[in-house]
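S.K.: Structure file query-v7.pdb (PDB, C-alpha atoms) right here:
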```
ATOM      1  CA  MET Z   1       0.000   0.000   0.000
ATOM      2  CA  VAL Z   2       1.267   3.441  -0.916
ATOM      3  CA  ASN Z   3      -0.073   6.953  -0.660
ATOM      4  CA  LYS Z   4      -0.552   8.180  -4.224
ATOM      5  CA  ASN Z   5      -1.979  11.656  -4.786
ATOM      6  CA  GLY Z   6      -3.542  11.637  -1.324
ATOM      7  CA  GLU Z   7      -5.190   8.242  -1.761
ATOM      8  CA  VAL Z   8      -4.058   4.883  -0.468
ATOM      9  CA  ALA Z   9      -3.438   2.578  -3.407
ATOM     10  CA  ARG Z  10      -2.259  -0.979  -3.765
ATOM     11  CA  VAL Z  11       0.678  -1.402  -6.159
ATOM     12  CA  THR Z  12       2.949  -4.263  -7.064
ATOM     13  CA  LYS Z  13       6.569  -4.271  -5.978
ATOM     14  CA  GLN Z  14       7.542  -3.937  -9.628
ATOM     15  CA  ARG Z  15       5.503  -0.750 -10.101
ATOM     16  CA  ALA Z  16       6.808   0.667  -6.835
ATOM     17  CA  LEU Z  17      10.397  -0.019  -7.916
ATOM     18  CA  LEU Z  18       9.833   1.559 -11.335
ATOM     19  CA  ALA Z  19       8.228   4.610  -9.741
ATOM     20  CA  ALA Z  20      11.156   5.001  -7.334
ATOM     21  CA  VAL Z  21      13.754   4.632 -10.101
ATOM     22  CA  THR Z  22      11.882   7.040 -12.383
ATOM     23  CA  THR Z  23      11.490   9.638  -9.638
ATOM     24  CA  ALA Z  24      15.172   9.425  -8.731
ATOM     25  CA  ALA Z  25      16.159   9.752 -12.407
ATOM     26  CA  ILE Z  26      13.928  12.800 -12.870
ATOM     27  CA  ASN Z  27      15.476  14.346  -9.763
ATOM     28  CA  GLY Z  28      18.930  14.067 -11.334
ATOM     29  CA  ARG Z  29      20.404  10.827  -9.985
ATOM     30  CA  ILE Z  30      22.831   9.800 -12.710
ATOM     31  CA  GLY Z  31      22.874   6.122 -11.724
ATOM     32  CA  GLN Z  32      19.112   5.880 -12.028
ATOM     33  CA  GLN Z  33      19.164   7.694 -15.373
ATOM     34  CA  ARG Z  34      21.731   5.199 -16.675
ATOM     35  CA  LEU Z  35      19.614   2.314 -15.396
ATOM     36  CA  ILE Z  36      16.573   3.571 -17.314
ATOM     37  CA  VAL Z  37      18.639   3.942 -20.499
ATOM     38  CA  GLN Z  38      20.036   0.419 -20.054
ATOM     39  CA  LEU Z  39      16.564  -1.016 -19.461
ATOM     40  CA  TYR Z  40      15.210   0.763 -22.510
ATOM     41  CA  SER Z  41      18.098  -0.495 -24.627
ATOM     42  CA  ALA Z  42      17.568  -4.055 -23.420
ATOM     43  CA  LEU Z  43      13.795  -3.998 -23.878
ATOM     44  CA  GLY Z  44      13.230  -1.596 -26.723
ATOM     45  CA  GLY Z  45      16.321  -1.762 -28.873
ATOM     46  CA  THR Z  46      18.716   1.035 -29.698
ATOM     47  CA  ALA Z  47      18.526   4.112 -31.864
ATOM     48  CA  GLU Z  48      20.878   2.512 -34.398
ATOM     49  CA  ASP Z  49      18.477  -0.409 -34.834
ATOM     50  CA  ASP Z  50      15.343   1.669 -35.222
ATOM     51  CA  ILE Z  51      14.498   4.258 -37.810
ATOM     52  CA  SER Z  52      11.216   5.796 -36.708
ATOM     53  CA  THR Z  53       8.956   8.407 -38.164
ATOM     54  CA  ALA Z  54       7.709  11.301 -36.074
ATOM     55  CA  GLU Z  55       4.277   9.663 -35.940
ATOM     56  CA  GLU Z  56       5.746   6.406 -34.592
ATOM     57  CA  LEU Z  57       7.704   8.323 -31.970
ATOM     58  CA  GLN Z  58       4.547  10.181 -30.905
ATOM     59  CA  GLN Z  59       2.795   6.841 -30.444
ATOM     60  CA  VAL Z  60       5.670   5.551 -28.309
ATOM     61  CA  ASP Z  61       5.648   8.795 -26.286
ATOM     62  CA  GLY Z  62       1.908   8.486 -25.729
ATOM     63  CA  ALA Z  63       2.238   4.886 -24.563
ATOM     64  CA  LEU Z  64       5.098   5.844 -22.225
ATOM     65  CA  LEU Z  65       3.102   8.724 -20.732
ATOM     66  CA  LEU Z  66       0.155   6.385 -20.208
ATOM     67  CA  GLU Z  67       2.344   3.871 -18.362
ATOM     68  CA  LEU Z  68       3.938   6.603 -16.248
ATOM     69  CA  GLY Z  69       0.438   7.847 -15.395
ATOM     70  CA  LYS Z  70      -0.426   4.365 -14.145
ATOM     71  CA  ILE Z  71       2.373   4.598 -11.566
ATOM     72  CA  GLY Z  72       1.301   8.055 -10.442
ATOM     73  CA  LEU Z  73       3.560  10.313 -12.492
ATOM     74  CA  SER Z  74       2.028  13.076 -14.566
ATOM     75  CA  PHE Z  75       3.515  15.425 -17.117
ATOM     76  CA  ASP Z  76       1.488  18.440 -18.167
ATOM     77  CA  GLY Z  77       4.364  20.640 -19.277
ATOM     78  CA  GLY Z  78       4.541  22.519 -15.972
ATOM     79  CA  PRO Z  79       7.826  23.407 -14.286
ATOM     80  CA  HIS Z  80       7.366  20.873 -11.477
ATOM     81  CA  ASP Z  81       6.194  17.720 -13.267
ATOM     82  CA  THR Z  82       6.672  14.597 -11.162
TER      83      THR Z  82
END
```
Using the file provided, produce a representation of the structure as structure tokens.
M.R.:
Amino acid sequence: MVNKNGEVARVTKQRALLAAVTTAAINGRIGQQRLIVQLYSALGGTAEDDISTAEELQQVDGALLLELGKIGLSFDGGPHDT
């Protein structure tokens, strides 16, 4: 159980770990940023392997934002997105 946006919510250990790593990376922890890049490379391939159109990248961005929203992170373009 975690407190998410003022509400008690039940999350898996995996989601809690991803939220913690993502938050630390956003807050500037280099090790966590590297971990996210390594995970992305392992799971999603590398830039050299993938030639994407702008539309494909927008779809990936939308899916990523949706997943981040599921773990309680929101990005509305404000100066304090977390």
S.K.: Residues near Glu67 in chain Z, anyone? I mean within 12 Å using all atoms listed in the file, not counting same-chain ones fewer than 5 positions away, as a list in words.
M.R.: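 Near neighbours after the sequence-gap exclusion: Arg15, Leu18, Ala19, Thr22, Val60, Asp61, Gly62, Gly72, Leu73, Ser74 and Phe75 of chain Z.
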S.K.: Between CA of Glu7 in chain Z and CA of Leu39 in chain Z, what is the spacing in Å?
M.R.: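 Going from CA of Leu39 in chain Z over to CA of Glu7 in chain Z covers 29.5 Å.
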S.K.: Identify, on the basis of all atoms listed in the file, every residue whose closest approach to Arg10 in chain Z does not exceed 12 Å; exclude the query and any residue fewer than 6 positions from it along the same chain; express the result as a list in words.
M.R.: Met1, Val2, Asn3, Lys4, Ala16, Lys70, Ile71 and Gly72 of chain Z
S.K.: How many Å lie between CA of Leu35 in chain Z and CA of Val8 in chain Z, rounded to one decimal?
M.R.: 28.1 Å
S.K.: What gap, in Å, lies between CA of Ser41 in chain Z and CA of Val11 in chain Z?
M.R.: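 If I compute the distance from CA of Ser41 in chain Z to CA of Val11 in chain Z, I get 25.4 Å.
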